[in-house]
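Source file: protein34.txt; contents: compact mmCIF, C-alpha atoms and all ligand atoms.
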```txt
# COMPACT_ATOMS: atom_id res chain seq x y z
CA MET X 1 -3.60 13.87 20.18
CA SER X 2 -4.03 12.67 16.59
CA LEU X 3 -1.60 13.54 13.80
CA ALA X 4 -2.59 16.33 11.41
CA ARG X 5 -4.00 15.03 8.12
CA THR X 6 -1.44 16.74 5.93
CA ALA X 7 0.07 15.83 2.57
CA ILE X 8 3.60 14.58 1.94
CA THR X 9 5.43 15.79 -1.15
CA THR X 10 8.24 13.82 -2.80
CA ASN X 11 10.27 14.63 -5.90
CA ARG X 12 7.52 13.58 -8.31
CA LEU X 13 4.48 12.80 -6.16
CA VAL X 14 1.94 14.26 -3.81
CA LEU X 15 0.69 11.86 -1.14
CA ARG X 16 -2.44 13.24 0.48
CA PRO X 17 -4.77 11.70 3.02
CA THR X 18 -7.54 9.88 1.16
CA SER X 19 -11.07 11.25 0.87
CA GLY X 20 -14.47 9.97 -0.22
CA ALA X 21 -13.86 11.61 -3.60
CA ASP X 22 -11.24 8.93 -4.34
CA VAL X 23 -13.82 6.13 -4.63
CA GLY X 24 -14.26 6.51 -8.41
CA ARG X 25 -10.53 6.25 -9.17
CA ALA X 26 -10.12 3.36 -6.73
CA LEU X 27 -12.91 1.51 -8.55
CA GLU X 28 -11.28 2.16 -11.92
CA ILE X 29 -7.89 0.97 -10.69
CA GLN X 30 -9.25 -2.14 -8.94
CA SER X 31 -11.32 -3.06 -12.01
CA ASP X 32 -8.02 -4.28 -13.49
CA TRP X 33 -7.52 -7.94 -12.57
CA GLU X 34 -3.73 -7.54 -12.85
CA VAL X 35 -3.93 -5.09 -9.93
CA THR X 36 -6.64 -6.71 -7.81
CA ARG X 37 -5.33 -10.27 -8.00
CA MET X 38 -2.41 -9.06 -5.88
CA LEU X 39 -4.69 -7.54 -3.21
CA ARG X 40 -5.61 -10.29 -0.81
CA MET X 41 -8.51 -8.49 0.89
CA ALA X 42 -10.09 -6.98 -2.25
CA SER X 43 -13.12 -8.28 -4.11
CA PHE X 44 -13.11 -8.85 -7.85
CA PRO X 45 -14.94 -7.40 -9.59
CA PRO X 46 -14.69 -4.51 -7.11
CA ASP X 47 -17.71 -3.85 -4.89
CA ARG X 48 -18.63 -0.14 -5.09
CA GLN X 49 -20.45 -0.11 -1.73
CA ALA X 50 -17.57 -1.86 0.06
CA ILE X 51 -15.06 0.62 -1.42
CA CYS X 52 -17.33 3.55 -0.46
CA ASP X 53 -17.61 2.23 3.09
CA TRP X 54 -13.83 1.67 3.24
CA PHE X 55 -12.94 5.21 2.16
CA GLY X 56 -15.70 6.58 4.38
CA ASP X 57 -13.91 5.20 7.44
CA HIS X 58 -10.40 6.50 6.64
CA GLN X 59 -10.66 9.83 8.47
CA ARG X 60 -11.89 8.11 11.63
CA GLU X 61 -9.13 5.47 11.38
CA TRP X 62 -6.51 8.18 10.98
CA CYS X 63 -7.78 10.20 13.96
CA ALA X 64 -7.94 7.02 16.07
CA GLY X 65 -4.37 6.08 15.07
CA GLU X 66 -5.61 2.82 13.54
CA ALA X 67 -4.46 3.38 9.93
CA TYR X 68 -2.91 6.09 7.76
CA ARG X 69 -3.88 5.96 4.09
CA PHE X 70 -2.54 8.23 1.36
CA ALA X 71 -3.79 8.72 -2.20
CA VAL X 72 -0.76 9.09 -4.45
CA GLU X 73 -1.07 11.75 -7.13
CA VAL X 74 1.05 11.96 -10.26
CA GLU X 75 0.61 15.33 -11.97
CA GLY X 76 -2.59 15.94 -10.01
CA ARG X 77 -4.25 12.58 -10.74
CA MET X 78 -4.60 9.71 -8.28
CA ALA X 79 -2.45 6.83 -9.54
CA GLY X 80 -2.53 4.61 -6.47
CA LEU X 81 -2.63 4.32 -2.72
CA VAL X 82 -0.09 3.60 0.01
CA ASP X 83 -1.13 2.87 3.55
CA ILE X 84 -0.07 1.74 6.99
CA ASP X 85 -2.77 -0.28 8.68
CA GLU X 86 -3.25 -3.05 11.24
CA ILE X 87 -1.56 -0.73 13.74
CA ALA X 88 -1.19 -2.41 17.11
CA GLY X 89 1.20 -1.10 19.75
CA SER X 90 4.30 0.07 17.91
CA GLU X 91 3.73 -2.12 14.83
CA GLY X 92 1.97 -1.51 11.54
CA ASP X 93 1.58 -3.08 8.11
CA LEU X 94 2.60 -1.39 4.83
CA GLY X 95 0.47 -1.81 1.71
CA TYR X 96 0.29 -0.20 -1.76
CA TRP X 97 -1.39 -0.49 -5.14
CA PHE X 98 -1.08 1.49 -8.36
CA GLU X 99 -2.86 1.58 -11.70
CA LYS X 100 -1.05 -0.43 -14.36
CA ALA X 101 -0.38 2.69 -16.47
CA ALA X 102 1.78 3.98 -13.60
CA TRP X 103 3.91 0.85 -13.16
CA GLY X 104 7.58 0.79 -14.01
CA HIS X 105 8.39 4.41 -13.14
CA GLY X 106 9.55 3.87 -9.57
CA TYR X 107 6.45 5.66 -8.21
CA ALA X 108 5.53 2.80 -5.88
CA PHE X 109 8.98 2.78 -4.31
CA GLU X 110 9.10 6.59 -4.04
CA ALA X 111 5.67 6.74 -2.40
CA ALA X 112 6.26 3.77 -0.09
CA GLN X 113 9.60 5.22 1.02
CA ALA X 114 7.86 8.45 2.04
CA VAL X 115 5.13 6.58 3.94
CA VAL X 116 7.69 4.38 5.73
CA GLY X 117 9.44 7.57 6.86
CA PHE X 118 6.12 9.01 8.04
CA ALA X 119 5.29 5.82 9.95
CA LEU X 120 8.64 5.60 11.73
CA GLU X 121 9.29 9.30 12.35
CA ASN X 122 5.87 10.97 12.63
CA VAL X 123 3.71 8.12 13.93
CA GLY X 124 6.61 6.69 15.98
CA LEU X 125 6.15 3.06 15.02
CA SER X 126 9.17 0.85 15.63
CA THR X 127 8.34 -2.14 13.40
CA LEU X 128 6.68 -2.34 10.02
CA LYS X 129 5.50 -5.55 8.43
CA SER X 130 4.38 -6.30 4.90
CA GLY X 131 3.80 -9.21 2.58
CA HIS X 132 3.30 -10.06 -1.05
CA ALA X 133 1.95 -12.99 -3.03
CA ALA X 134 4.76 -15.32 -4.03
CA ASP X 135 4.04 -14.52 -7.70
CA ASN X 136 4.51 -10.75 -7.17
CA PRO X 137 8.30 -10.24 -7.37
CA ALA X 138 7.99 -6.50 -8.16
CA SER X 139 6.49 -5.97 -4.70
CA GLY X 140 9.28 -8.01 -3.13
CA ARG X 141 11.82 -5.83 -4.89
CA ILE X 142 10.20 -2.68 -3.49
CA LEU X 143 10.23 -4.08 0.06
CA THR X 144 13.86 -5.17 -0.20
CA LYS X 145 14.88 -1.76 -1.55
CA LEU X 146 13.06 -0.15 1.40
CA GLY X 147 15.20 -2.19 3.79
CA PHE X 148 12.63 -4.84 4.74
CA THR X 149 14.03 -8.30 5.42
CA PRO X 150 12.29 -11.59 4.59
CA ALA X 151 10.39 -13.21 7.46
CA GLY X 152 9.19 -16.48 5.97
CA THR X 153 6.25 -17.60 3.87
CA ILE X 154 2.72 -18.34 5.05
CA GLU X 155 -0.42 -19.66 3.40
CA LEU X 156 -3.37 -17.26 3.45
CA PHE X 157 -6.76 -16.97 1.76
CA SER X 158 -6.95 -14.43 -1.06
CA ARG X 159 -10.46 -13.01 -1.41
CA SER X 160 -9.74 -11.67 -4.89
CA ARG X 161 -8.50 -15.04 -6.18
CA GLY X 162 -10.91 -17.14 -4.12
CA GLU X 163 -8.14 -19.53 -3.10
CA ASN X 164 -5.22 -19.88 -0.76
CA ILE X 165 -1.94 -18.27 -1.80
CA GLN X 166 1.62 -18.38 -0.54
CA GLN X 167 2.45 -14.99 0.97
CA CYS X 168 6.07 -13.91 1.50
CA ARG X 169 6.33 -11.93 4.75
CA TYR X 170 8.78 -9.11 5.54
CA ALA X 171 9.68 -6.89 8.50
CA LEU X 172 11.50 -3.61 8.98
CA MET X 173 12.72 -2.41 12.39
CA SER X 174 13.33 1.25 13.09
CA ALA X 175 17.04 2.03 13.47
CA ARG X 176 16.27 4.12 16.58
C1 LIG X 201 3.62 -3.88 -6.97
C2 LIG X 201 3.51 -2.55 -7.72
C3 LIG X 201 3.09 -1.47 -6.73
C4 LIG X 201 4.86 -2.22 -8.33
O1 LIG X 201 4.73 -1.05 -9.06
P1 LIG X 201 5.95 -0.50 -9.93
O2 LIG X 201 5.54 0.79 -10.50
O3 LIG X 201 6.42 -1.55 -10.88
O4 LIG X 201 7.04 -0.30 -8.80
P2 LIG X 201 8.43 0.43 -8.89
O5 LIG X 201 8.68 0.86 -10.31
O6 LIG X 201 8.52 1.46 -7.83
O7 LIG X 201 9.47 -0.72 -8.48
C5 LIG X 201 9.33 -2.03 -8.95
C6 LIG X 201 10.67 -2.74 -8.82
O8 LIG X 201 10.44 -4.12 -9.08
C7 LIG X 201 11.22 -4.51 -10.21
N1 LIG X 201 10.43 -5.48 -10.92
C8 LIG X 201 9.37 -5.29 -11.72
N2 LIG X 201 8.93 -6.44 -12.20
C9 LIG X 201 9.71 -7.40 -11.66
C10 LIG X 201 9.76 -8.81 -11.78
N3 LIG X 201 8.88 -9.48 -12.53
N4 LIG X 201 10.71 -9.48 -11.09
C11 LIG X 201 11.59 -8.83 -10.31
N5 LIG X 201 11.61 -7.47 -10.17
C12 LIG X 201 10.68 -6.79 -10.84
C13 LIG X 201 11.47 -3.25 -10.98
O9 LIG X 201 12.59 -3.36 -11.83
C14 LIG X 201 11.69 -2.27 -9.83
O10 LIG X 201 12.95 -2.44 -9.26
P3 LIG X 201 14.16 -1.41 -9.58
O11 LIG X 201 13.70 -0.07 -9.10
O12 LIG X 201 15.30 -1.94 -8.82
O13 LIG X 201 14.34 -1.45 -11.08
C15 LIG X 201 2.47 -2.61 -8.86
O14 LIG X 201 2.84 -3.65 -9.73
C16 LIG X 201 1.05 -2.84 -8.39
O15 LIG X 201 0.37 -1.91 -7.96
N6 LIG X 201 0.61 -4.09 -8.48
C17 LIG X 201 -0.76 -4.46 -8.12
C18 LIG X 201 -1.00 -4.31 -6.64
C19 LIG X 201 0.09 -4.91 -5.82
O16 LIG X 201 0.74 -5.86 -6.22
N7 LIG X 201 0.29 -4.36 -4.62
C20 LIG X 201 1.23 -4.90 -3.70
C21 LIG X 201 0.61 -6.02 -2.97
S1 LIG X 201 1.82 -6.85 -1.97
```

Using the file provided, produce a representation of the structure as structure tokens.
Ligand SMILES: CC(C)(COP(=O)(O)OP(=O)(O)OC[C@H]1O[C@@H](n2cnc3c(N)ncnc32)[C@H](O)[C@@H]1OP(=O)(O)O)[C@@H](O)C(=O)NCCC(=O)NCCS
Amino acid sequence: MSLARTAITTNRLVLRPTSGADVGRALEIQSDWEVTRMLRMASFPPDRQAICDWFGDHQREWCAGEAYRFAVEVEGRMAGLVDIDEIAGSEGDLGYWFEKAAWGHGYAFEAAQAVVGFALENVGLSTLKSGHAADNPASGRILTKLGFTPAGTIELFSRSRGENIQQCRYALMSAR
């Protein structure tokens, strides 16, 4: 049985399952090179049809247990997205991106912490993985604060940058 598509509320944020209505904000946010250069799988400039298709598949992914993606709202406006994807067996991969105007307030950490809890407790995953470009120390700080531990560096192709990057990998095991 699939998990109910319900929202998570934190002190300052509402994390709700994404919907097709989020495409416009996602396009606005990913039109900022400072955001999209850190997203290895994203196109730059963003491709409206690809983003539409991506959001259009989120409900199916959720119901199939393939990925859980949350739009993060600050005072009722979508400021970013946190997701768990690449779910295979008891493992999944944590990702997040926020508009630049929302950086520096601890929102990314607060939202990611809630989604990590959801993944371990509600979904029942036992291992989470994540990774960030070597020139993205803010993301590394978030992962370390969440309890992730470094798991080496690999070279991967970044679609947004059109070149290979060094990606720092991390893992978090459930305490249970
Ligand atoms: C990565 C991202 C989500 C961080 O957002 P944010 O709002 O700055 O995150 P938070 O405020 O929750 O936490 C950032 C932490 O990194 C620290 N930090 C910020 N810039 C840093 C830097 N250059 N070097 C080291 N630490 C840094 C902050 O001080 C904070 O740590 P603290 O809480 O101990 O003070 C945001 O920059 C973003 O969306 N970037 C584009 C997309 C992206 O990079 N996604 C992740 C892909 S791996």

Exercise. Let me have all residues with an atom within 7 Å of ligand LIG 201 (chain X), counting all atoms listed in the file, laid out as a PyMOL selection string.
Key: chain X and resi 34-36+38-39+95-100+102-110+131-133+136-139+141-142

Exercise. Could you give me, as a ChimeraX atom specification, the residues within 10 Å of Met173 (chain X), counting all atoms listed in the file and dropping anything in the same chain fewer than 4 positions from it?
Key: /X:91,120,125-129,147-149

Quiz prompt | Contact residues around Ala7 (chain X) with only C-alpha atoms at 8 Å, ignoring same-chain residues under 3 positions, as a VMD selection string | solution = chain X and resid 14 to 17

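Rounded to one decimal, CA of Gly140 (chain X) and CA of Trp33 (chain X) lie 19.3 Å from each other.
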
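Every protein, DNA or RNA residue with an atom at most 8 Å from region 62-71 of chain X, where all atoms listed in the file count and chain neighbours fewer than 3 positions away do not, is listed here: Ser2, Leu3, Arg5, Leu15, Arg16, Pro17, Thr18, Asp22, His58, Gln59, Met78, Ala79, Gly80, Leu81, Val82, Asp83, Ile84, Asp85, Glu86, Ile87 and Ala88 of chain X.
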
Quiz item: Can you tell me how far CA of Ala111 (chain X) sits from CA of Pro46 (chain X), in Å to one decimal?
Solution: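 Computed distance, CA of Ala111 (chain X) to CA of Pro46 (chain X), equals 23.7 Å.
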
Quiz prompt | Gap from CA of Asp47 (chain X) to CA of Ala112 (chain X) - Å, one decimal | solution =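 Computing it gives 25.6 Å between the two atoms.
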
Quiz item: Out of X:Ala114, X:Lys145, X:Ile154, X:Gly124, which residue has the shortest atom-to-atom distance to Arg176 (chain X) when counting only C-alpha atoms?
Solution: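 Of X:Ala114, X:Lys145, X:Ile154, X:Gly124, the one nearest Arg176 (chain X), counting only C-alpha atoms, is X:Gly124.
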
Extract, using only C-alpha atoms, all DNA, RNA and protein residues at most 9 Å from Gly152 (chain X), discarding same-chain residues fewer than 6 positions from it, and format them as a PDB file with C-alpha atoms, keeping the file's coordinate frame.
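Contents of the output file result-v7.pdb:
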```pdb
ATOM      1  CA  GLN X 167       2.450 -14.990   0.970  1.00  0.00           C
ATOM      2  CA  CYS X 168       6.070 -13.910   1.500  1.00  0.00           C
ATOM      3  CA  ARG X 169       6.330 -11.930   4.750  1.00  0.00           C
ATOM      4  CA  TYR X 170       8.780  -9.110   5.540  1.00  0.00           C
TER       5      TYR X 170
END
```

Exercise. Name the closest residue to Phe118 (chain X) among the candidates X:Leu143, X:Leu27, X:Leu94, X:Ala21; distances are taken between atoms, counting all atoms listed in the file.
Key: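 Looking at the shortest contact to Phe118 (chain X), the residue is X:Leu94.
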
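Of the residues listed (X:Arg40, X:Ala119, X:Gln113, X:Val74), X:Arg40 shows the shortest atom-to-atom separation from Gln166 (chain X); distances use only C-alpha atoms.
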
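You can rank X:Glu121, X:Arg37, X:Ala42, X:Ser90 by their closest distance to Ile165 (chain X) using only C-alpha atoms, and at the top of that list sits X:Arg37.
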